[in-house]
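Contents: one structure, followed by commentary.
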Amino acid sequence: MSKGLEGIVVADTSRSSVDGVNGVLIYHGYDILDLGENCSFEEVAYLLWYSKIPNGEELAAFHAELASQRELSAEMLAVMKGLPKGGHPVAVLRTIVSALSLEDADAENITIPEVQKKAIHLTAVIPTIIAAWQNIRNGREPIAPRTDLGHAANFVYMLTGEDPNPETVQAIDKYLILLADHGFNASTFSARVTTGTLADLYSAVTSAIGTLKGPSHGGATQAAMEQFLQAQKEGAEPWFNRVLGEGKRVMGIGHRVYKVEDPRAKILRPLAQKMANQTSEGYWFELAYDIEKLARNHEYFIERNLFPNVDYYGAPVLYMIGIPMDTFTSLFVMSRVVGWTAHVIEQLADNRLIRPRGNYVGPRGLKVEK
Ligand SMILES: CC(C)(COP(=O)(O)OP(=O)(O)OC[C@H]1O[C@@H](n2cnc3c(N)ncnc32)[C@H](O)[C@@H]1OP(=O)(O)O)[C@@H](O)C(=O)NCCC(=O)NCCS
């Protein structure tokens, strides 16, 4: 038995490789550090789906295709307007992605070309859902998407109604690249399990969103920022000592696979620092960095090889951009939907039902007595 399936290999994949010993993440052959420096999110999505970085012509066509599918129907917007305004953004996203299947007369079609088309549609429309909910819950009308902007820029425009600031767009684009895929993480595995039963793509993505939501996975970014707000009130060191003393976890630290620094944190730390230098809220970087230093020098973290993961510096980056804390995980969905759907396609190409077994430790031989 392997509790939590730790160390179990369940399939071949050529989407991404997570090397937890050397701290290297690659997407279809390319190091994430290289992609983060030199590509856009759209190029990375293309790579994960089609196994190559697009040339100029391919990228232009891909941009146009994504941009043409950003609209949400009036019916879907009406459903959103009827939802309780206090609904968590990820719960709304999970609900609307599921509801989108009802608008697709061919939802059950899981041939690979059809799933690929639906993957593009979901990737294009998810930012519209996230931004629409932010407006609806604040009593505003949703802002219609634009076709002349890239993926990240259009998202910022729909969120704010203003021409997006290039630095904000660049930071979001980088964030989206870093989160697009990550081996057989829990939500991707969830999507593959659902696909393994030959269920439709909407079901697979809905399962994955539900799995991502937990604070041990994608929900950790929100939890990390909440802890930084608390640590600011108490002071970094007293807060750190209290949390450890109470046997609680420092959110954004630790990883099932990485036993060295998460390579994504290597990109997000300087990004957070750069953003801190440009805003009046720069102290969020300093605070996170102070807590990281406390952890790095503490025996408990050293013995267990616990380092910041992607969520640790992702939290101050998103916060300084002005993304509401409860919407952090939605941005994770906005990116990881590419990885999920790329894995669904891979699963479909060589499918076998995923069905592990449990070790039964309950009683036997009981008889019903009435
Ligand atoms: C990511 C995570 C769920 C991985 O869990 P895992 O591989 O199952 O590891 P375990 O929960 O078995 O933890 C191993 C040990 O490290 C400790 N540990 C793990 N993460 C810790 C953290 N963030 N803070 C303090 N202690 C931590 C555990 O208490 C455990 O200690 P023990 O051996 O004395 O019992 C875990 O590190 C965690 O909860 N991190 C915080 C949440 C987070 O950032 N999640 C996002 C991941 S990308």
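Residues in the structure tokens are numbered from 1 in each chain, the chains being A, B, ... in the order shown, and ligands are numbered from 1 in the order shown.
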Proximity check chain A to ligand 1, 8 Å, nearest pairs one decimal Å, only C-alpha atoms and all ligand atoms, as a Markdown table:
```
| residue | atom | partner | partner_atom_place_in_ligand_line | distance |
| --- | --- | --- | --- | --- |
| A:Gly4 | CA | ligand 1 | 8 (O) | 7.1 |
| A:Glu6 | CA | ligand 1 | 7 (O) | 7.7 |
| A:Pro215 | CA | ligand 1 | 42 (C) | 6.2 |
| A:Ser216 | CA | ligand 1 | 45 (N) | 4.1 |
| A:His217 | CA | ligand 1 | 46 (C) | 4.5 |
| A:Gly218 | CA | ligand 1 | 46 (C) | 6.3 |
| A:Gly219 | CA | ligand 1 | 46 (C) | 7.5 |
| A:Ala220 | CA | ligand 1 | 45 (N) | 4.9 |
| A:Thr221 | CA | ligand 1 | 44 (O) | 7.3 |
| A:Ala224 | CA | ligand 1 | 44 (O) | 7.4 |
| A:Leu244 | CA | ligand 1 | 25 (C) | 7.1 |
| A:Gly247 | CA | ligand 1 | 25 (C) | 7.5 |
| A:Lys248 | CA | ligand 1 | 25 (C) | 6.3 |
| A:Arg249 | CA | ligand 1 | 24 (N) | 3.3 |
| A:Val250 | CA | ligand 1 | 24 (N) | 4.1 |
| A:Met251 | CA | ligand 1 | 41 (C) | 4.2 |
| A:Gly252 | CA | ligand 1 | 44 (O) | 3.3 |
| A:Ile253 | CA | ligand 1 | 23 (N) | 4.2 |
| A:Gly254 | CA | ligand 1 | 37 (O) | 3.4 |
| A:His255 | CA | ligand 1 | 1 (C) | 4.0 |
| A:Arg256 | CA | ligand 1 | 7 (O) | 3.4 |
| A:Val257 | CA | ligand 1 | 7 (O) | 7.0 |
| A:Tyr300 | CA | ligand 1 | 26 (N) | 7.7 |
| A:Phe301 | CA | ligand 1 | 26 (N) | 7.0 |
| A:Arg304 | CA | ligand 1 | 16 (O) | 5.6 |
| A:Asn305 | CA | ligand 1 | 16 (O) | 8.0 |
| A:Leu306 | CA | ligand 1 | 20 (N) | 6.4 |
| A:Pro308 | CA | ligand 1 | 44 (O) | 7.7 |
| A:Asn309 | CA | ligand 1 | 48 (S) | 5.5 |
| A:Val310 | CA | ligand 1 | 48 (S) | 6.0 |
| A:Asp311 | CA | ligand 1 | 44 (O) | 6.2 |
| A:Tyr312 | CA | ligand 1 | 44 (O) | 7.0 |
```
Okay, now the selection with N, CA and C atoms, as an mmCIF file, in the first residue's frame?
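Result file out11.cif:
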```
data_model
loop_
_atom_site.group_PDB
_atom_site.id
_atom_site.type_symbol
_atom_site.label_atom_id
_atom_site.label_comp_id
_atom_site.auth_asym_id
_atom_site.auth_seq_id
_atom_site.Cartn_x
_atom_site.Cartn_y
_atom_site.Cartn_z
ATOM 1 N N GLY A 4 -1.757 7.811 0.005
ATOM 2 C CA GLY A 4 -1.699 9.011 -0.835
ATOM 3 C C GLY A 4 -1.064 8.732 -2.192
ATOM 4 N N GLU A 6 1.723 7.919 -2.911
ATOM 5 C CA GLU A 6 3.065 8.524 -3.008
ATOM 6 C C GLU A 6 4.017 7.599 -3.767
ATOM 7 N N PRO A 215 -7.215 23.471 0.205
ATOM 8 C CA PRO A 215 -6.043 24.230 0.652
ATOM 9 C C PRO A 215 -4.726 23.468 0.595
ATOM 10 N N SER A 216 -4.769 22.133 0.423
ATOM 11 C CA SER A 216 -3.502 21.415 0.247
ATOM 12 C C SER A 216 -3.032 21.511 -1.196
ATOM 13 N N HIS A 217 -3.877 22.022 -2.085
ATOM 14 C CA HIS A 217 -3.531 22.105 -3.521
ATOM 15 C C HIS A 217 -3.693 23.571 -3.934
ATOM 16 N N GLY A 218 -4.562 23.866 -4.876
ATOM 17 C CA GLY A 218 -4.645 25.233 -5.416
ATOM 18 C C GLY A 218 -5.142 26.263 -4.421
ATOM 19 N N GLY A 219 -5.898 25.806 -3.414
ATOM 20 C CA GLY A 219 -6.406 26.746 -2.411
ATOM 21 C C GLY A 219 -5.304 27.303 -1.519
ATOM 22 N N ALA A 220 -4.092 26.770 -1.666
ATOM 23 C CA ALA A 220 -2.991 27.192 -0.780
ATOM 24 C C ALA A 220 -2.576 28.642 -1.023
ATOM 25 N N THR A 221 -2.798 29.169 -2.221
ATOM 26 C CA THR A 221 -2.357 30.550 -2.492
ATOM 27 C C THR A 221 -3.182 31.530 -1.651
ATOM 28 N N ALA A 224 -2.136 31.107 1.875
ATOM 29 C CA ALA A 224 -0.824 31.714 2.128
ATOM 30 C C ALA A 224 -0.983 33.221 2.338
ATOM 31 N N LEU A 244 4.177 27.356 14.492
ATOM 32 C CA LEU A 244 4.925 26.099 14.698
ATOM 33 C C LEU A 244 4.559 25.466 16.039
ATOM 34 N N GLY A 247 1.587 23.505 16.061
ATOM 35 C CA GLY A 247 1.626 22.331 15.168
ATOM 36 C C GLY A 247 0.891 22.574 13.857
ATOM 37 N N LYS A 248 0.749 23.859 13.475
ATOM 38 C CA LYS A 248 0.058 24.170 12.207
ATOM 39 C C LYS A 248 1.068 24.239 11.065
ATOM 40 N N ARG A 249 0.575 24.305 9.846
ATOM 41 C CA ARG A 249 1.457 24.361 8.669
ATOM 42 C C ARG A 249 1.632 25.796 8.169
ATOM 43 N N VAL A 250 2.800 26.055 7.626
ATOM 44 C CA VAL A 250 3.010 27.333 6.955
ATOM 45 C C VAL A 250 2.544 27.118 5.518
ATOM 46 N N MET A 251 1.504 27.809 5.127
ATOM 47 C CA MET A 251 0.945 27.582 3.797
ATOM 48 C C MET A 251 1.888 28.125 2.734
ATOM 49 N N GLY A 252 1.962 27.374 1.609
ATOM 50 C CA GLY A 252 2.882 27.767 0.539
ATOM 51 C C GLY A 252 4.264 27.164 0.737
ATOM 52 N N ILE A 253 4.390 26.306 1.755
ATOM 53 C CA ILE A 253 5.685 25.641 1.987
ATOM 54 C C ILE A 253 5.452 24.139 1.968
ATOM 55 N N GLY A 254 6.394 23.423 1.371
ATOM 56 C CA GLY A 254 6.305 21.955 1.332
ATOM 57 C C GLY A 254 5.724 21.477 0.015
ATOM 58 N N HIS A 255 6.110 20.278 -0.351
ATOM 59 C CA HIS A 255 5.600 19.717 -1.602
ATOM 60 C C HIS A 255 5.746 18.203 -1.596
ATOM 61 N N ARG A 256 4.785 17.517 -2.174
ATOM 62 C CA ARG A 256 4.856 16.058 -2.223
ATOM 63 C C ARG A 256 6.050 15.591 -3.049
ATOM 64 N N VAL A 257 6.352 16.286 -4.133
ATOM 65 C CA VAL A 257 7.411 15.807 -5.026
ATOM 66 C C VAL A 257 8.732 16.566 -4.813
ATOM 67 N N TYR A 300 13.263 22.114 11.997
ATOM 68 C CA TYR A 300 12.062 21.370 11.603
ATOM 69 C C TYR A 300 11.906 21.359 10.072
ATOM 70 N N PHE A 301 12.120 22.522 9.443
ATOM 71 C CA PHE A 301 11.945 22.634 7.984
ATOM 72 C C PHE A 301 13.137 22.019 7.257
ATOM 73 N N ARG A 304 12.933 18.163 7.213
ATOM 74 C CA ARG A 304 11.869 17.635 6.342
ATOM 75 C C ARG A 304 11.953 18.137 4.903
ATOM 76 N N ASN A 305 13.023 18.834 4.569
ATOM 77 C CA ASN A 305 13.192 19.384 3.206
ATOM 78 C C ASN A 305 11.984 20.207 2.755
ATOM 79 N N LEU A 306 11.582 21.141 3.594
ATOM 80 C CA LEU A 306 10.397 21.957 3.270
ATOM 81 C C LEU A 306 10.835 23.331 2.764
ATOM 82 N N PRO A 308 9.652 26.868 0.003
ATOM 83 C CA PRO A 308 8.488 27.511 -0.613
ATOM 84 C C PRO A 308 8.101 26.816 -1.922
ATOM 85 N N ASN A 309 6.818 26.657 -2.122
ATOM 86 C CA ASN A 309 6.317 26.117 -3.389
ATOM 87 C C ASN A 309 5.732 27.269 -4.212
ATOM 88 N N VAL A 310 5.065 26.921 -5.292
ATOM 89 C CA VAL A 310 4.570 27.940 -6.231
ATOM 90 C C VAL A 310 3.589 28.916 -5.567
ATOM 91 N N ASP A 311 2.875 28.441 -4.549
ATOM 92 C CA ASP A 311 1.837 29.274 -3.943
ATOM 93 C C ASP A 311 2.407 30.338 -3.014
ATOM 94 N N TYR A 312 3.633 30.123 -2.548
ATOM 95 C CA TYR A 312 4.185 31.000 -1.518
ATOM 96 C C TYR A 312 4.369 32.431 -2.048
#
```
message: Taking 5 positions as the minimum chain separation for residues in the same chain, which residues sit within 12 Å of Glu286 in chain A when counting only C-alpha atoms? Answer as JSON, numbers by chain.
response: {"A": [228, 231, 232, 235, 236, 269, 270, 272, 273, 274, 275, 276, 277, 281, 291, 292, 293, 313, 316]}
message: Which residues are near Ala60 in chain A? Cut-off 12 Å, only C-alpha atoms, ignore same chain within fewer than 2 positions. Put them as a PyMOL selection string.
response: chain A and resi 42-43+46+54-58+62-67+148-150
Could you pull out all residues of range 256-292 of chain A with a DSSP call of helix (DSSP H, G or I) and give them as a compact mmCIF listing (two decimals) with all heavy atoms, in the first residue's frame?
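Here's the written file states.txt:
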```txt
# COMPACT_ATOMS: atom_id res chain seq x y z
N PRO A 263 11.05 25.01 -8.62
CA PRO A 263 11.62 25.93 -9.62
C PRO A 263 10.70 27.12 -9.92
O PRO A 263 11.16 28.19 -10.32
CB PRO A 263 11.80 25.05 -10.87
CG PRO A 263 10.93 23.86 -10.65
CD PRO A 263 10.85 23.66 -9.16
N ARG A 264 9.41 26.95 -9.70
CA ARG A 264 8.48 28.04 -9.96
C ARG A 264 8.65 29.16 -8.94
O ARG A 264 8.47 30.33 -9.24
CB ARG A 264 7.04 27.50 -9.99
CG ARG A 264 6.87 26.44 -11.07
CD ARG A 264 5.61 25.63 -10.89
NE ARG A 264 5.58 24.93 -9.63
CZ ARG A 264 4.56 24.20 -9.21
NH1 ARG A 264 3.48 24.08 -9.97
NH2 ARG A 264 4.58 23.60 -8.03
N ALA A 265 9.02 28.76 -7.71
CA ALA A 265 9.28 29.78 -6.67
C ALA A 265 10.51 30.60 -7.05
O ALA A 265 10.61 31.78 -6.72
CB ALA A 265 9.48 29.12 -5.31
N LYS A 266 11.44 29.97 -7.79
CA LYS A 266 12.65 30.69 -8.22
C LYS A 266 12.31 31.83 -9.15
O LYS A 266 13.04 32.80 -9.28
CB LYS A 266 13.58 29.73 -8.99
CG LYS A 266 14.49 28.96 -8.11
CD LYS A 266 15.52 28.22 -8.96
CE LYS A 266 16.11 27.09 -8.13
NZ LYS A 266 16.30 25.87 -8.85
N ILE A 267 11.19 31.70 -9.89
CA ILE A 267 10.78 32.78 -10.79
C ILE A 267 9.87 33.77 -10.05
O ILE A 267 9.95 34.97 -10.25
CB ILE A 267 10.03 32.19 -12.02
CG1 ILE A 267 10.94 31.22 -12.76
CG2 ILE A 267 9.53 33.30 -12.93
CD1 ILE A 267 10.35 30.64 -14.03
N LEU A 268 9.03 33.22 -9.18
CA LEU A 268 8.05 34.09 -8.53
C LEU A 268 8.67 34.98 -7.45
O LEU A 268 8.18 36.08 -7.21
CB LEU A 268 6.89 33.27 -7.97
CG LEU A 268 5.96 32.70 -9.05
CD1 LEU A 268 5.00 31.69 -8.47
CD2 LEU A 268 5.17 33.82 -9.74
N ARG A 269 9.74 34.50 -6.80
CA ARG A 269 10.35 35.33 -5.75
C ARG A 269 10.86 36.65 -6.34
O ARG A 269 10.46 37.72 -5.88
CB ARG A 269 11.48 34.56 -5.06
CG ARG A 269 12.04 35.32 -3.85
CD ARG A 269 13.26 34.67 -3.23
NE ARG A 269 13.01 33.38 -2.64
CZ ARG A 269 13.32 32.20 -3.23
NH1 ARG A 269 13.89 32.18 -4.43
NH2 ARG A 269 13.07 31.07 -2.63
N PRO A 270 11.72 36.61 -7.42
CA PRO A 270 12.15 37.91 -7.98
C PRO A 270 11.02 38.71 -8.59
O PRO A 270 11.05 39.95 -8.58
CB PRO A 270 13.19 37.52 -9.03
CG PRO A 270 13.11 36.04 -9.21
CD PRO A 270 12.43 35.48 -8.00
N LEU A 271 10.01 38.02 -9.10
CA LEU A 271 8.87 38.76 -9.65
C LEU A 271 8.16 39.53 -8.53
O LEU A 271 7.82 40.71 -8.68
CB LEU A 271 7.89 37.80 -10.36
CG LEU A 271 6.66 38.43 -10.98
CD1 LEU A 271 7.04 39.44 -12.06
CD2 LEU A 271 5.72 37.37 -11.58
N ALA A 272 7.96 38.85 -7.39
CA ALA A 272 7.32 39.52 -6.24
C ALA A 272 8.18 40.69 -5.78
O ALA A 272 7.67 41.77 -5.46
CB ALA A 272 7.12 38.51 -5.10
N GLN A 273 9.49 40.49 -5.80
CA GLN A 273 10.39 41.56 -5.35
C GLN A 273 10.31 42.76 -6.29
O GLN A 273 10.23 43.91 -5.87
CB GLN A 273 11.83 41.02 -5.30
CG GLN A 273 12.79 42.02 -4.70
CD GLN A 273 14.15 41.40 -4.42
OE1 GLN A 273 14.52 40.40 -5.04
NE2 GLN A 273 14.87 41.97 -3.49
N LYS A 274 10.30 42.46 -7.60
CA LYS A 274 10.22 43.54 -8.60
C LYS A 274 8.91 44.31 -8.42
O LYS A 274 8.89 45.54 -8.44
CB LYS A 274 10.28 42.90 -9.99
CG LYS A 274 10.29 43.88 -11.13
CD LYS A 274 10.51 43.17 -12.45
CE LYS A 274 9.83 43.95 -13.56
NZ LYS A 274 9.47 43.13 -14.71
N MET A 275 7.82 43.57 -8.24
CA MET A 275 6.53 44.24 -8.08
C MET A 275 6.51 45.07 -6.80
O MET A 275 5.92 46.14 -6.76
CB MET A 275 5.41 43.22 -8.07
CG MET A 275 5.26 42.57 -9.42
SD MET A 275 3.97 41.38 -9.39
CE MET A 275 2.60 42.48 -9.16
N ALA A 276 7.14 44.52 -5.76
CA ALA A 276 7.18 45.23 -4.48
C ALA A 276 7.87 46.58 -4.64
O ALA A 276 7.44 47.58 -4.06
CB ALA A 276 7.90 44.39 -3.44
N ASN A 277 8.91 46.62 -5.47
CA ASN A 277 9.63 47.88 -5.69
C ASN A 277 8.79 48.89 -6.44
O ASN A 277 9.07 50.08 -6.42
CB ASN A 277 10.93 47.62 -6.47
CG ASN A 277 11.90 46.80 -5.66
OD1 ASN A 277 11.83 46.80 -4.43
ND2 ASN A 277 12.78 46.07 -6.33
N GLN A 278 7.74 48.40 -7.12
CA GLN A 278 6.93 49.32 -7.93
C GLN A 278 5.64 49.76 -7.24
O GLN A 278 4.88 50.53 -7.79
CB GLN A 278 6.55 48.63 -9.25
CG GLN A 278 7.74 48.42 -10.16
CD GLN A 278 7.44 47.38 -11.25
OE1 GLN A 278 6.41 46.75 -11.24
NE2 GLN A 278 8.36 47.23 -12.18
N TYR A 283 5.93 45.89 1.23
CA TYR A 283 6.25 45.14 2.44
C TYR A 283 5.75 43.70 2.40
O TYR A 283 6.21 42.86 3.15
CB TYR A 283 5.72 45.84 3.69
CG TYR A 283 4.29 46.26 3.59
CD1 TYR A 283 3.27 45.37 3.89
CD2 TYR A 283 3.96 47.56 3.19
CE1 TYR A 283 1.95 45.77 3.79
CE2 TYR A 283 2.64 47.95 3.09
CZ TYR A 283 1.64 47.05 3.39
OH TYR A 283 0.33 47.43 3.27
N TRP A 284 4.84 43.36 1.51
CA TRP A 284 4.36 41.97 1.45
C TRP A 284 5.48 41.04 1.00
O TRP A 284 5.59 39.91 1.47
CB TRP A 284 3.16 41.82 0.52
CG TRP A 284 1.96 42.52 1.07
CD1 TRP A 284 1.31 43.58 0.53
CD2 TRP A 284 1.30 42.24 2.32
NE1 TRP A 284 0.29 43.99 1.35
CE2 TRP A 284 0.26 43.18 2.46
CE3 TRP A 284 1.50 41.31 3.33
CZ2 TRP A 284 -0.59 43.19 3.56
CZ3 TRP A 284 0.65 41.31 4.43
CH2 TRP A 284 -0.39 42.25 4.53
N PHE A 285 6.33 41.55 0.10
CA PHE A 285 7.47 40.72 -0.30
C PHE A 285 8.43 40.55 0.88
O PHE A 285 8.87 39.45 1.18
CB PHE A 285 8.21 41.32 -1.51
CG PHE A 285 9.51 40.62 -1.75
CD1 PHE A 285 9.52 39.35 -2.32
CD2 PHE A 285 10.72 41.17 -1.33
CE1 PHE A 285 10.72 38.65 -2.48
CE2 PHE A 285 11.91 40.48 -1.49
CZ PHE A 285 11.91 39.22 -2.07
N GLU A 286 8.72 41.67 1.54
CA GLU A 286 9.67 41.61 2.67
C GLU A 286 9.18 40.62 3.73
O GLU A 286 9.95 39.83 4.26
CB GLU A 286 9.81 43.01 3.32
CG GLU A 286 10.53 44.03 2.46
CD GLU A 286 11.93 43.58 2.04
OE1 GLU A 286 12.57 42.85 2.81
OE2 GLU A 286 12.36 43.95 0.93
N LEU A 287 7.89 40.69 4.02
CA LEU A 287 7.31 39.82 5.05
C LEU A 287 7.45 38.34 4.65
O LEU A 287 7.89 37.50 5.44
CB LEU A 287 5.84 40.18 5.25
CG LEU A 287 5.11 39.37 6.31
CD1 LEU A 287 5.49 39.84 7.70
CD2 LEU A 287 3.60 39.50 6.13
N ALA A 288 7.08 38.04 3.39
CA ALA A 288 7.17 36.65 2.92
C ALA A 288 8.62 36.19 2.96
O ALA A 288 8.92 35.06 3.36
CB ALA A 288 6.60 36.55 1.51
N TYR A 289 9.52 37.09 2.57
CA TYR A 289 10.94 36.72 2.53
C TYR A 289 11.47 36.49 3.95
O TYR A 289 12.22 35.54 4.20
CB TYR A 289 11.71 37.84 1.81
CG TYR A 289 13.12 37.46 1.44
CD1 TYR A 289 13.39 36.25 0.81
CD2 TYR A 289 14.18 38.31 1.73
CE1 TYR A 289 14.69 35.89 0.48
CE2 TYR A 289 15.49 37.95 1.41
CZ TYR A 289 15.73 36.75 0.78
OH TYR A 289 17.01 36.39 0.47
N ASP A 290 11.03 37.32 4.90
CA ASP A 290 11.45 37.13 6.30
C ASP A 290 10.99 35.77 6.82
O ASP A 290 11.74 35.07 7.48
CB ASP A 290 10.85 38.23 7.20
CG ASP A 290 11.56 39.56 7.00
OD1 ASP A 290 12.64 39.57 6.37
OD2 ASP A 290 11.02 40.59 7.46
N ILE A 291 9.75 35.41 6.49
CA ILE A 291 9.24 34.11 6.98
C ILE A 291 9.98 32.97 6.29
O ILE A 291 10.32 31.97 6.92
CB ILE A 291 7.70 34.03 6.79
CG1 ILE A 291 7.01 35.08 7.65
CG2 ILE A 291 7.19 32.62 7.12
CD1 ILE A 291 5.52 35.24 7.42
N GLU A 292 10.27 33.15 5.00
CA GLU A 292 11.04 32.09 4.31
C GLU A 292 12.40 31.89 5.00
O GLU A 292 12.83 30.75 5.21
CB GLU A 292 11.26 32.45 2.83
CG GLU A 292 12.07 31.37 2.14
CD GLU A 292 12.54 31.69 0.72
OE1 GLU A 292 12.11 32.70 0.15
OE2 GLU A 292 13.34 30.90 0.20
```
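Residues lying within 9 Å of range 157-171 of chain A, counting only C-alpha atoms and ignoring same-chain neighbours fewer than 2 positions away, are A:Ser40, A:Pro127, A:Thr128, A:Ile130, A:Ala131, A:Ala132, A:Gln134, A:Asn135, A:Pro142, A:Ile143, A:Ala144, A:Pro145, A:Arg146, A:Leu149, A:Ala152, A:Ala153, A:Asn154, A:Phe155, A:Asp173, A:Lys174, A:Tyr175, A:Leu176, A:Leu271, A:Met275, A:Val317, A:Leu318, A:Ile321.
Between Asn138 in chain A and the residues A:Pro324, A:Val125, A:Ala78, A:Ile120, the shortest atom-to-atom distance, using only C-alpha atoms, involves A:Pro324.
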- request: May I ask for the distance between CA of Ala186 in chain A and CA of Thr211 in chain A, given in Å to one decimal place?
  value: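 Computing it gives 6.7 Å between the two atoms.
Using only C-alpha atoms, the smallest distance between any of A:Asn351, A:Ser101, A:Ser51, A:Ser335 and Ala11 in chain A comes from A:Asn351.
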Exercise: range 205-208 of chain A partners within 6 Å, only C-alpha atoms, chain neighbours under 2 positions left out, as a PDB file with N, CA, C and O atoms, in the first residue's frame:
```
ATOM      1  N   ARG A  94     -16.709  26.311 -10.927  1.00  0.00           N
ATOM      2  CA  ARG A  94     -16.994  24.872 -11.032  1.00  0.00           C
ATOM      3  C   ARG A  94     -18.432  24.655 -11.526  1.00  0.00           C
ATOM      4  O   ARG A  94     -18.693  23.820 -12.386  1.00  0.00           O
ATOM      5  N   SER A  98     -19.493  23.301 -15.385  1.00  0.00           N
ATOM      6  CA  SER A  98     -20.389  22.155 -15.481  1.00  0.00           C
ATOM      7  C   SER A  98     -21.631  22.516 -16.318  1.00  0.00           C
ATOM      8  O   SER A  98     -22.044  21.761 -17.204  1.00  0.00           O
ATOM      9  N   SER A 187      -5.259  17.465  -9.038  1.00  0.00           N
ATOM     10  CA  SER A 187      -6.391  17.847  -9.897  1.00  0.00           C
ATOM     11  C   SER A 187      -6.257  17.244 -11.296  1.00  0.00           C
ATOM     12  O   SER A 187      -7.264  16.849 -11.915  1.00  0.00           O
ATOM     13  N   SER A 190      -7.274  13.768 -11.035  1.00  0.00           N
ATOM     14  CA  SER A 190      -8.727  13.745 -10.943  1.00  0.00           C
ATOM     15  C   SER A 190      -9.362  13.831 -12.344  1.00  0.00           C
ATOM     16  O   SER A 190     -10.296  13.081 -12.670  1.00  0.00           O
ATOM     17  N   ALA A 191      -8.828  14.736 -13.176  1.00  0.00           N
ATOM     18  CA  ALA A 191      -9.347  14.858 -14.555  1.00  0.00           C
ATOM     19  C   ALA A 191      -9.123  13.546 -15.303  1.00  0.00           C
ATOM     20  O   ALA A 191      -9.993  13.083 -16.053  1.00  0.00           O
ATOM     21  N   TYR A 202     -16.323  18.194 -19.948  1.00  0.00           N
ATOM     22  CA  TYR A 202     -16.839  19.128 -18.930  1.00  0.00           C
ATOM     23  C   TYR A 202     -16.812  18.454 -17.553  1.00  0.00           C
ATOM     24  O   TYR A 202     -16.507  19.079 -16.548  1.00  0.00           O
ATOM     25  N   SER A 203     -17.157  17.159 -17.532  1.00  0.00           N
ATOM     26  CA  SER A 203     -17.127  16.430 -16.256  1.00  0.00           C
ATOM     27  C   SER A 203     -15.697  16.347 -15.744  1.00  0.00           C
ATOM     28  O   SER A 203     -15.451  16.527 -14.543  1.00  0.00           O
ATOM     29  N   GLY A 210     -12.899  21.010  -8.660  1.00  0.00           N
ATOM     30  CA  GLY A 210     -13.241  20.649  -7.278  1.00  0.00           C
ATOM     31  C   GLY A 210     -12.012  20.179  -6.517  1.00  0.00           C
ATOM     32  O   GLY A 210     -11.831  20.495  -5.341  1.00  0.00           O
ATOM     33  N   THR A 211     -11.151  19.441  -7.177  1.00  0.00           N
ATOM     34  CA  THR A 211      -9.948  18.916  -6.511  1.00  0.00           C
ATOM     35  C   THR A 211      -8.937  20.029  -6.251  1.00  0.00           C
ATOM     36  O   THR A 211      -8.289  20.070  -5.199  1.00  0.00           O
TER      37      THR A 211
END
```
- line: Among A:Val260, A:Ile96, A:Ile112, A:Leu122, Gly23 in chain A is approached most closely, using only C-alpha atoms, by A:Val260
